[in-house]
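Okay, model_30.cif now, which holds mmCIF, C-alpha atoms and all ligand atoms:
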```cif
data_structure
#
loop_
_atom_site.label_atom_id
_atom_site.label_comp_id
_atom_site.auth_asym_id
_atom_site.auth_seq_id
_atom_site.Cartn_x
_atom_site.Cartn_y
_atom_site.Cartn_z
CA MET A 80 84.48 94.71 133.25
CA THR A 81 86.57 97.83 133.33
CA ARG A 82 89.58 97.90 131.06
CA PRO A 83 91.74 101.05 131.37
CA LYS A 84 91.68 103.53 128.47
CA ASN A 85 95.41 102.92 128.07
CA ASP A 86 95.68 99.14 128.23
CA THR A 87 99.03 98.78 126.43
CA LEU A 88 100.65 97.35 129.57
CA LEU A 89 98.00 94.65 130.01
CA ARG A 90 98.19 93.80 126.30
CA ALA A 91 101.98 93.62 126.23
CA LEU A 92 102.00 91.37 129.31
CA LEU A 93 99.72 88.99 127.41
CA ARG A 94 101.78 89.38 124.20
CA GLU A 95 98.89 90.99 122.35
CA PRO A 96 99.61 93.66 119.71
CA THR A 97 100.15 97.24 120.91
CA PRO A 98 100.93 100.44 118.97
CA TYR A 99 104.11 101.05 121.01
CA THR A 100 106.07 99.48 123.89
CA PRO A 101 104.56 100.38 127.27
CA ILE A 102 106.86 101.61 130.02
CA TRP A 103 106.74 101.92 133.78
CA VAL A 104 109.67 102.24 136.18
CA MET A 105 110.38 100.20 139.31
CA ARG A 106 110.27 102.59 142.29
CA GLN A 107 108.75 105.26 140.04
CA ALA A 108 107.29 106.93 143.13
CA GLY A 109 110.27 107.59 145.34
CA ARG A 110 112.99 109.83 146.64
CA TYR A 111 114.27 111.10 143.27
CA LEU A 112 111.02 113.13 143.12
CA PRO A 113 110.99 116.29 145.29
CA GLU A 114 107.20 116.05 145.64
CA TYR A 115 107.61 112.54 147.09
CA ASN A 116 110.05 113.84 149.69
CA GLN A 117 107.57 116.56 150.62
CA THR A 118 104.71 114.12 151.12
CA ARG A 119 107.00 111.78 153.06
CA ALA A 120 108.01 114.65 155.34
CA ARG A 121 104.34 115.43 155.91
CA ALA A 122 103.67 111.78 156.77
CA GLY A 123 106.59 111.77 159.23
CA ASP A 124 108.34 108.70 157.86
CA PHE A 125 108.18 106.05 155.16
CA LEU A 126 106.03 103.57 157.10
CA ALA A 127 103.49 106.24 158.01
CA LEU A 128 103.31 107.01 154.30
CA CYS A 129 102.63 103.34 153.50
CA ARG A 130 99.99 103.10 156.23
CA SER A 131 98.00 106.13 155.11
CA PRO A 132 95.79 105.24 152.11
CA ASP A 133 95.36 108.96 151.33
CA LEU A 134 99.10 109.65 151.24
CA ALA A 135 99.93 106.36 149.51
CA THR A 136 97.42 107.36 146.81
CA GLU A 137 98.99 110.79 146.53
CA VAL A 138 102.52 109.46 145.99
CA THR A 139 101.38 106.68 143.65
CA LEU A 140 100.00 109.36 141.33
CA GLN A 141 102.98 111.73 141.51
CA PRO A 142 105.11 110.12 138.78
CA LEU A 143 102.04 109.86 136.53
CA ALA A 144 101.44 113.59 136.84
CA ARG A 145 104.97 114.20 135.58
CA PHE A 146 105.48 111.49 132.95
CA PRO A 147 103.10 109.71 130.53
CA LEU A 148 103.78 106.31 132.13
CA ASP A 149 101.66 103.34 131.06
CA ALA A 150 100.94 102.04 134.56
CA ALA A 151 100.70 102.99 138.20
CA ILE A 152 102.25 100.73 140.84
CA LEU A 153 100.77 100.54 144.29
CA PHE A 154 102.87 102.52 146.74
CA SER A 155 103.78 100.20 149.60
CA ASP A 156 106.66 97.90 150.48
CA ILE A 157 107.31 94.16 150.29
CA LEU A 158 108.07 94.06 154.02
CA THR A 159 104.49 94.85 155.08
CA VAL A 160 103.81 91.09 154.91
CA PRO A 161 106.36 89.96 157.53
CA ASP A 162 105.30 93.00 159.56
CA ALA A 163 101.73 91.65 159.47
CA MET A 164 103.18 88.30 160.64
CA GLY A 165 104.30 90.08 163.80
CA LEU A 166 108.01 90.63 163.18
CA GLY A 167 107.89 94.37 163.93
CA LEU A 168 109.11 96.34 160.90
CA TYR A 169 110.87 99.64 161.39
CA PHE A 170 113.21 101.81 159.34
CA GLU A 171 116.45 103.14 160.75
CA GLU A 172 116.92 106.57 159.16
CA GLY A 173 119.38 106.22 156.27
CA GLU A 174 119.95 102.52 157.03
CA GLY A 175 117.03 100.68 155.48
CA PRO A 176 114.57 98.19 156.94
CA ARG A 177 114.91 96.31 160.23
CA PHE A 178 112.81 93.75 162.12
CA GLU A 179 112.49 93.85 165.90
CA ARG A 180 111.91 90.09 166.07
CA PRO A 181 113.84 88.25 163.32
CA LEU A 182 113.40 84.48 163.07
CA ARG A 183 116.30 82.87 164.89
CA GLU A 184 114.97 80.10 167.13
CA GLU A 185 113.08 77.02 166.08
CA TRP A 186 110.09 77.97 168.24
CA GLU A 187 109.88 81.34 166.49
CA VAL A 188 109.53 79.54 163.16
CA ARG A 189 106.98 77.08 164.62
CA ASP A 190 104.88 79.98 165.98
CA LEU A 191 104.69 81.82 162.66
CA THR A 192 101.18 82.13 161.20
CA VAL A 193 99.61 83.36 157.96
CA PRO A 194 98.06 86.81 158.45
CA ASP A 195 94.58 87.65 157.16
CA PRO A 196 95.24 90.51 154.72
CA TYR A 197 91.77 91.92 155.35
CA ASP A 198 92.74 92.38 158.98
CA ARG A 199 96.46 93.11 159.22
CA LEU A 200 97.00 94.65 155.77
CA ARG A 201 93.71 96.48 155.36
CA TYR A 202 95.58 99.77 154.85
CA VAL A 203 97.14 98.38 151.65
CA LEU A 204 93.78 97.19 150.34
CA ASP A 205 92.21 100.55 151.16
CA ALA A 206 95.05 102.21 149.23
CA CYS A 207 94.32 99.95 146.22
CA VAL A 208 90.66 101.01 146.23
CA GLN A 209 91.52 104.69 146.54
CA ILE A 210 94.23 104.57 143.87
CA ARG A 211 91.86 102.89 141.42
CA ARG A 212 89.27 105.57 142.07
CA ALA A 213 91.86 108.31 141.55
CA LEU A 214 93.23 106.71 138.37
CA ASN A 215 89.77 106.90 136.82
CA ASP A 216 90.63 103.98 134.48
CA GLU A 217 93.29 105.94 132.64
CA VAL A 218 96.08 103.36 133.17
CA PRO A 219 96.16 100.02 135.01
CA LEU A 220 97.22 99.56 138.63
CA ILE A 221 99.98 97.03 139.35
CA GLY A 222 99.90 95.27 142.72
CA PHE A 223 102.94 93.47 144.09
CA SER A 224 104.50 91.36 146.78
CA GLY A 225 107.94 90.11 147.67
CA SER A 226 108.63 86.48 146.81
CA PRO A 227 108.52 83.91 149.62
CA PHE A 228 112.31 83.53 149.51
CA THR A 229 113.09 87.26 149.40
CA LEU A 230 110.77 87.89 152.35
CA ALA A 231 112.41 85.00 154.22
CA CYS A 232 115.84 86.63 153.75
CA TYR A 233 114.68 89.77 155.58
CA MET A 234 112.75 87.76 158.19
CA ILE A 235 115.80 85.67 159.06
CA GLU A 236 118.48 88.36 158.79
CA GLY A 237 116.27 90.99 160.42
CA ARG A 238 117.66 93.52 157.93
CA GLY A 239 119.18 93.81 154.49
CA SER A 240 122.38 91.87 153.91
CA GLN A 241 125.21 91.40 151.43
CA ASP A 242 126.02 87.79 152.24
CA PHE A 243 122.88 86.38 153.95
CA VAL A 244 124.88 84.54 156.59
CA GLN A 245 121.91 83.65 158.80
CA THR A 246 119.73 82.63 155.86
CA LYS A 247 122.44 80.45 154.35
CA ARG A 248 123.19 78.92 157.74
CA MET A 249 119.55 77.89 158.09
CA LEU A 250 119.37 76.75 154.45
CA TYR A 251 122.32 74.39 154.81
CA SER A 252 121.87 73.27 158.41
CA ARG A 253 118.08 73.33 158.95
CA PRO A 254 116.46 73.27 155.49
CA ASP A 255 113.27 71.96 157.14
CA LEU A 256 112.88 75.25 159.03
CA LEU A 257 113.48 77.34 155.91
CA HIS A 258 110.94 75.26 153.99
CA ARG A 259 108.40 75.89 156.73
CA ILE A 260 108.94 79.66 156.54
CA LEU A 261 108.69 79.53 152.74
CA GLU A 262 105.46 77.53 152.79
CA LEU A 263 103.85 80.02 155.19
CA ASN A 264 105.17 82.93 153.13
CA ALA A 265 103.73 81.39 149.97
CA GLN A 266 100.31 81.16 151.62
CA ALA A 267 100.59 84.70 153.00
CA VAL A 268 101.74 86.18 149.68
CA ALA A 269 99.01 84.38 147.69
CA ALA A 270 96.29 85.61 150.07
CA TYR A 271 97.76 89.12 150.01
CA LEU A 272 97.96 89.31 146.19
CA GLU A 273 94.48 87.85 145.83
CA ALA A 274 93.19 90.55 148.18
CA GLN A 275 94.98 93.22 146.14
CA ILE A 276 93.31 91.84 143.00
CA GLN A 277 89.90 91.86 144.71
CA ASN A 278 90.51 95.47 145.67
CA GLY A 279 91.59 96.81 142.31
CA ALA A 280 95.05 95.60 141.23
CA GLN A 281 94.82 94.81 137.49
CA ALA A 282 98.22 93.09 137.18
CA VAL A 283 100.55 91.72 139.83
CA MET A 284 104.30 91.35 140.19
CA LEU A 285 106.43 89.17 142.45
CA PHE A 286 109.77 90.72 143.45
CA ASP A 287 112.31 87.94 143.97
CA THR A 288 115.10 90.39 144.64
CA TRP A 289 117.39 87.92 146.41
CA GLY A 290 116.66 84.72 144.47
CA GLY A 291 119.85 85.47 142.54
CA ALA A 292 121.88 85.01 145.73
CA LEU A 293 121.10 81.28 145.66
CA SER A 294 123.09 78.50 144.02
CA HIS A 295 121.61 76.86 140.94
CA ALA A 296 120.26 73.98 143.01
CA GLY A 297 119.24 76.34 145.82
CA PHE A 298 117.17 78.51 143.48
CA HIS A 299 115.30 75.46 142.21
CA GLU A 300 114.66 74.20 145.74
CA PHE A 301 114.07 77.36 147.81
CA SER A 302 112.77 80.04 145.48
CA LEU A 303 111.22 78.69 142.28
CA PRO A 304 108.78 76.16 143.81
CA TYR A 305 107.37 78.86 146.08
CA LEU A 306 107.01 81.37 143.22
CA ARG A 307 105.13 78.64 141.42
CA ALA A 308 102.98 77.88 144.47
CA VAL A 309 101.96 81.54 144.81
CA LEU A 310 101.12 81.86 141.12
CA ALA A 311 99.13 78.60 141.13
CA ARG A 312 96.96 79.93 143.96
CA LEU A 313 96.10 83.26 142.29
CA PRO A 314 92.82 83.80 140.46
CA ARG A 315 93.41 83.98 136.70
CA ARG A 316 90.64 86.50 136.17
CA HIS A 317 88.88 89.23 138.05
CA ASP A 318 85.86 91.16 136.90
CA GLY A 319 85.93 89.27 133.60
CA GLN A 320 89.53 90.29 132.82
CA ILE A 321 92.73 88.24 132.93
CA VAL A 322 95.05 89.52 135.68
CA PRO A 323 98.56 89.20 134.19
CA ARG A 324 101.43 88.18 136.48
CA THR A 325 105.10 89.12 136.30
CA VAL A 326 107.88 87.38 138.16
CA PHE A 327 111.24 89.10 138.59
CA THR A 328 114.25 87.27 139.99
CA LYS A 329 117.10 89.74 140.13
CA GLY A 330 120.20 87.92 138.93
CA GLY A 331 117.97 85.17 137.52
CA GLY A 332 119.25 85.40 133.94
CA LEU A 333 120.68 81.89 134.05
CA TRP A 334 117.29 80.43 134.99
CA LEU A 335 115.06 82.07 132.39
CA GLU A 336 113.63 78.81 131.11
CA SER A 337 112.67 77.78 134.65
CA LEU A 338 111.17 81.19 135.34
CA ALA A 339 109.21 81.11 132.09
CA ASP A 340 107.68 77.89 133.33
CA ALA A 341 106.62 79.18 136.76
CA GLY A 342 103.08 80.18 135.79
CA ALA A 343 103.70 83.87 135.07
CA ASP A 344 102.77 85.75 131.90
CA CYS A 345 105.89 87.86 132.02
CA VAL A 346 109.44 87.47 133.32
CA GLY A 347 111.34 90.56 134.46
CA VAL A 348 115.05 90.65 133.67
CA ASP A 349 117.89 92.78 134.98
CA TRP A 350 120.51 94.53 132.85
CA THR A 351 123.00 91.64 132.91
CA VAL A 352 120.81 89.87 130.36
CA ASP A 353 120.76 90.48 126.61
CA LEU A 354 117.07 90.99 125.94
CA GLY A 355 117.20 89.56 122.41
CA ALA A 356 118.93 86.41 123.64
CA ALA A 357 116.43 86.15 126.50
CA ARG A 358 113.58 86.46 124.02
CA ALA A 359 115.04 83.69 121.88
CA ARG A 360 115.13 81.48 124.98
CA VAL A 361 111.62 82.15 126.30
CA GLY A 362 109.83 84.52 123.93
CA GLY A 363 107.36 81.94 122.70
CA LYS A 364 106.13 81.42 126.23
CA VAL A 365 106.14 84.68 128.19
CA ALA A 366 106.49 88.41 127.78
CA LEU A 367 109.69 90.07 129.05
CA GLN A 368 110.03 93.14 131.25
CA GLY A 369 113.16 95.26 131.49
CA ASN A 370 115.98 95.88 131.35
CA LEU A 371 117.78 99.22 131.12
CA ASP A 372 120.63 99.66 133.60
CA PRO A 373 119.32 102.25 136.12
CA GLY A 374 122.79 103.81 135.91
CA VAL A 375 121.99 105.03 132.38
CA LEU A 376 119.77 107.67 133.97
CA PHE A 377 122.86 109.49 135.29
CA ALA A 378 124.04 110.18 131.72
CA PRO A 379 123.13 113.13 129.46
CA PRO A 380 119.70 112.95 127.75
CA GLU A 381 121.09 111.92 124.36
CA VAL A 382 122.78 108.91 125.96
CA VAL A 383 119.53 107.97 127.73
CA ARG A 384 117.83 107.96 124.31
CA GLN A 385 120.60 105.90 122.71
CA GLU A 386 120.60 103.33 125.51
CA ALA A 387 116.79 103.07 125.43
CA ALA A 388 117.04 102.52 121.67
CA LYS A 389 119.55 99.69 122.23
CA VAL A 390 117.11 97.88 124.54
CA LEU A 391 114.34 98.25 121.94
CA VAL A 392 116.61 96.99 119.13
CA SER A 393 117.66 94.08 121.26
CA TYR A 394 114.07 92.95 121.85
CA GLY A 395 113.20 93.55 118.20
CA ALA A 396 109.87 93.67 116.40
CA GLY A 397 106.56 92.53 117.81
CA SER A 398 104.68 92.56 121.07
CA GLY A 399 105.52 91.04 124.44
CA HIS A 400 107.95 93.63 125.80
CA VAL A 401 107.26 95.87 128.79
CA PHE A 402 110.00 98.48 129.05
CA ASN A 403 111.41 99.03 132.54
CA LEU A 404 114.70 99.41 134.30
CA GLY A 405 116.55 96.30 135.36
CA HIS A 406 116.00 97.31 139.01
CA GLY A 407 114.60 100.27 140.96
CA VAL A 408 115.32 103.86 139.94
CA SER A 409 118.08 105.42 142.08
CA GLN A 410 117.23 108.28 144.42
CA LEU A 411 120.01 110.31 142.74
CA THR A 412 118.30 110.16 139.32
CA PRO A 413 117.47 113.54 137.71
CA PRO A 414 113.69 113.39 137.13
CA ASP A 415 114.11 115.04 133.70
CA ASN A 416 115.99 111.95 132.53
CA VAL A 417 112.97 109.80 133.37
CA ALA A 418 110.92 112.12 131.15
CA VAL A 419 113.47 111.66 128.36
CA LEU A 420 113.35 107.89 128.78
CA VAL A 421 109.55 107.62 128.70
CA ASP A 422 109.33 109.82 125.60
CA ALA A 423 112.14 107.94 123.86
CA VAL A 424 110.48 104.56 124.46
CA HIS A 425 107.09 105.78 123.28
CA GLU A 426 108.51 107.41 120.18
CA LEU A 427 111.20 104.95 119.09
CA SER A 428 109.21 101.78 119.80
CA ARG A 429 106.47 102.53 117.25
CA LEU A 430 108.80 101.22 114.57
CA TYR A 431 108.72 97.76 116.15
CA HIS A 432 104.94 97.51 116.30
CA GLN A 433 103.97 97.86 112.62
CA GLU A 434 102.15 94.98 111.04
O1 LIG A 501 108.04 100.40 142.56
C1 LIG A 501 107.33 101.17 143.22
O2 LIG A 501 107.26 102.40 142.95
C2 LIG A 501 106.42 100.62 144.29
C3 LIG A 501 106.85 100.78 145.64
C4 LIG A 501 107.92 99.86 146.19
C5 LIG A 501 108.78 100.25 147.25
N1 LIG A 501 109.54 99.18 147.61
C6 LIG A 501 108.81 101.58 147.87
C7 LIG A 501 109.95 101.93 148.73
C8 LIG A 501 108.22 98.53 145.88
C9 LIG A 501 107.65 97.65 144.79
C10 LIG A 501 109.24 98.12 146.79
C11 LIG A 501 109.78 96.75 146.80
C12 LIG A 501 110.87 96.41 147.71
N2 LIG A 501 111.08 96.85 148.98
C13 LIG A 501 111.85 95.44 147.42
C14 LIG A 501 111.92 94.61 146.17
C15 LIG A 501 112.39 95.36 145.00
C16 LIG A 501 113.77 95.88 145.11
O3 LIG A 501 113.91 97.11 145.05
O4 LIG A 501 114.68 95.07 145.21
C17 LIG A 501 112.71 95.36 148.53
C18 LIG A 501 113.93 94.48 148.66
C19 LIG A 501 112.20 96.25 149.52
C20 LIG A 501 112.71 96.44 150.89
C21 LIG A 501 113.10 97.83 151.11
N3 LIG A 501 112.23 98.87 151.21
C22 LIG A 501 114.41 98.33 151.24
C23 LIG A 501 115.67 97.49 151.15
C24 LIG A 501 114.28 99.71 151.43
C25 LIG A 501 115.37 100.67 151.72
C26 LIG A 501 116.11 100.93 150.46
C27 LIG A 501 116.34 102.39 150.25
O5 LIG A 501 116.36 102.77 149.07
O6 LIG A 501 116.49 103.12 151.25
C28 LIG A 501 112.92 100.04 151.37
C29 LIG A 501 112.33 101.38 151.48
C30 LIG A 501 111.51 101.87 150.32
N4 LIG A 501 110.55 101.15 149.69
C31 LIG A 501 111.55 103.17 149.76
C32 LIG A 501 110.56 103.23 148.76
C33 LIG A 501 110.15 104.40 147.92
C34 LIG A 501 112.44 104.32 150.22
C35 LIG A 501 111.82 104.76 151.52
C36 LIG A 501 112.05 106.18 151.88
O7 LIG A 501 111.25 107.04 151.49
O8 LIG A 501 112.99 106.40 152.64
#
```
As structure tokens, the full file:
Amino acid sequence: MTRPKNDTLLRALLREPTPYTPIWVMRQAGRYLPEYNQTRARAGDFLALCRSPDLATEVTLQPLARFPLDAAILFSDILTVPDAMGLGLYFEEGEGPRFERPLREEWEVRDLTVPDPYDRLRYVLDACVQIRRALNDEVPLIGFSGSPFTLACYMIEGRGSQDFVQTKRMLYSRPDLLHRILELNAQAVAAYLEAQIQNGAQAVMLFDTWGGALSHAGFHEFSLPYLRAVLARLPRRHDGQIVPRTVFTKGGGLWLESLADAGADCVGVDWTVDLGAARARVGGKVALQGNLDPGVLFAPPEVVRQEAAKVLVSYGAGSGHVFNLGHGVSQLTPPDNVAVLVDAVHELSRLYHQE
């Protein structure tokens, strides 16, 4: 029955009144922070960092020690799930993620199985427990997973991609194989998020980073139904508290009504969307998260404040807004600008939360 002392994030996700607009930042623990780079160097590499619950706890807390953020997000990566499915994740220095065994042949898809998170992803669950202990109920812990479709993109390509040639080839020539991967991913992601909830995550978020690369029909066939399937399988409550869910399809601005209907409490939006217009479309149904352009954080502090103010004006008065960037914070961001942003949101948003 533990509710964090600062529960503005949980309230905003459920569109309950709050004194100000809560803020957290996607990738808030990351390479723009010198202390992160130090811990990462101590770990050896990024994956070692993810696999050590002690070090993952340490880096999760680093941004909170610097900025009065309203939430912690589990330090891990979306690609731990396909790694647990046996695809062999590794990171090529400076090049991003790779899989040793991407899904290319039909038999490789047939052989895919759903991993038991308590076995193959125990290190993530241990990190959740340790982070919760370290947070001491000051702010909530957000757990997360990649969406079934976004994970499938990496599993099929074997790496990041601009054009998703292999994925699109499978989608248009063997949709049955893609559907099989997506169904297994949906089961794996649901089990993984449920385990995170059991081990301390107080809200969860699905990152559908590549859903926006699909056609209109493709999104409704290959991403949305599997987001919905994951959300339908998650427990609504844990420890007597509702566990709010956020779904974020990058580039999904055209499909807000569909996303608002997927079974989430909150829909994340990127900076291509006008927040006020998005609210008019879905505001009666879900909270919204976003959506400052991460590029704003390269500007002088007064511009950061002005641009934060514009996002707040755009959403307008009342609850149901979680301030965030429209995507992850860049590694080139000056940390002081994140401090300016957090303070600006806390200060300027009070105006929009008076009775
Ligand atoms: O938001 C957070 O602070 C939580 C931690 C988190 C990371 N990755 C840490 C990370 C989360 C939620 C993610 C999600 C993730 N990972 C996504 C979806 C969201 C998005 O950003 O689109 C995706 C597509 C990935 C896959 C991934 N992981 C890529 C493409 C890369 C390389 C990109 C890069 O910036 O080099 C990663 C590595 C990664 N994940 C880093 C961090 C802090 C950088 C690793 C390092 O220290 O070198």
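Between CA of Ser428 (chain A) and CA of Gly397 (chain A) lies a distance of 9.8 Å.
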Inset, instruction - Pick out the residues sitting within 10 Å of region 109-126 of chain A, and hand them over as a VMD selection string; count only C-alpha atoms, and ignore anything fewer than 5 positions along from it in its own chain. - result: chain A and resid 131 134 to 135 137 to 139 141 to 142 145 154 to 156 159 168 to 170 172 407 to 414
Residues as selected, C-alpha atoms, written as a compact mmCIF listing (two decimals), keeping the file's coordinate frame, can you do that?
```
# COMPACT_ATOMS: atom_id res chain seq x y z
CA SER A 131 98.00 106.13 155.11
CA LEU A 134 99.10 109.65 151.24
CA ALA A 135 99.93 106.36 149.51
CA GLU A 137 98.99 110.79 146.53
CA VAL A 138 102.52 109.46 145.99
CA THR A 139 101.38 106.68 143.65
CA GLN A 141 102.98 111.73 141.51
CA PRO A 142 105.11 110.12 138.78
CA ARG A 145 104.97 114.20 135.58
CA PHE A 154 102.87 102.52 146.74
CA SER A 155 103.78 100.20 149.60
CA ASP A 156 106.66 97.90 150.48
CA THR A 159 104.49 94.85 155.08
CA LEU A 168 109.11 96.34 160.90
CA TYR A 169 110.87 99.64 161.39
CA PHE A 170 113.21 101.81 159.34
CA GLU A 172 116.92 106.57 159.16
CA GLY A 407 114.60 100.27 140.96
CA VAL A 408 115.32 103.86 139.94
CA SER A 409 118.08 105.42 142.08
CA GLN A 410 117.23 108.28 144.42
CA LEU A 411 120.01 110.31 142.74
CA THR A 412 118.30 110.16 139.32
CA PRO A 413 117.47 113.54 137.71
CA PRO A 414 113.69 113.39 137.13
```
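Comparing A:Ala339, A:Ala308, A:Val203, A:Leu182 by their smallest distance to ligand LIG 501 (chain A), the closest is A:Val203 (using all atoms listed in the file).
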Would you tabulate, counting only C-alpha atoms and all ligand atoms, all residues of chain A that have an atom at most 7 Å from an atom of ligand LIG 501 (chain A), showing the closest pair of atoms and their distance in Å to one decimal, sorted by chain then ascending number, as a tab-separated table?
```
residue	atom	partner	partner_atom	distance
A:Val104	CA	A:LIG501	O1	6.8
A:Met105	CA	A:LIG501	O1	4.0
A:Arg106	CA	A:LIG501	O2	3.1
A:Gln107	CA	A:LIG501	O2	4.3
A:Ala108	CA	A:LIG501	O2	4.5
A:Gly109	CA	A:LIG501	C33	4.1
A:Arg110	CA	A:LIG501	O7	5.9
A:Arg119	CA	A:LIG501	O7	6.6
A:Phe125	CA	A:LIG501	O7	4.9
A:Ile152	CA	A:LIG501	C2	5.4
A:Leu153	CA	A:LIG501	C2	5.7
A:Phe154	CA	A:LIG501	C3	4.5
A:Ser155	CA	A:LIG501	C3	5.0
A:Asp156	CA	A:LIG501	N1	4.3
A:Ile157	CA	A:LIG501	N2	4.8
A:Leu158	CA	A:LIG501	C20	6.1
A:Gly173	CA	A:LIG501	O6	6.6
A:Glu174	CA	A:LIG501	O6	6.8
A:Gly175	CA	A:LIG501	C25	4.1
A:Pro176	CA	A:LIG501	C22	5.7
A:Phe223	CA	A:LIG501	C9	6.3
A:Gly225	CA	A:LIG501	C14	6.2
A:Gly239	CA	A:LIG501	C23	6.1
A:Phe286	CA	A:LIG501	C14	5.2
A:Thr288	CA	A:LIG501	O4	4.7
A:His406	CA	A:LIG501	O3	6.4
A:Gly407	CA	A:LIG501	O3	5.2
```
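Of the residues under consideration (A:Ala296, A:Cys207, A:Leu306, A:Val188), A:Leu306 shows the shortest atom-to-atom contact distance to Ser226 (chain A) when counting all atoms listed in the file.
With all atoms listed in the file as the basis for measurement, A:Gln209 is the residue among A:Thr97, A:Gln209, A:Asn370, A:Thr351 that approaches Asn278 (chain A) most closely.
Near Ala267 (chain A), within a cut-off of 7 Å and counting all atoms listed in the file, sit the residues A:Val193, A:Pro194, A:Leu263, A:Asn264, A:Ala270, A:Tyr271, with same-chain residues fewer than 3 positions away left out.
If you count all atoms listed in the file and draw a sphere of 10 Å around (92.9, 102.3, 145.0), the protein and nucleic acid residues inside it come out as A:Pro132, A:Asp133, A:Ala135, A:Thr136, A:Thr139, A:Leu153, A:Val203, A:Leu204, A:Asp205, A:Ala206, A:Cys207, A:Val208, A:Gln209, A:Ile210, A:Arg211, A:Arg212, A:Ala213, A:Leu214, A:Asn215, A:Leu220, A:Gln275, A:Asn278, A:Gly279, A:Ala280.
Each of A:Gly399, A:Gly342, A:Gly405, A:Pro380 was checked against Ala366 (chain A) using all atoms listed in the file; the smallest atom-to-atom distance is that of A:Gly399.
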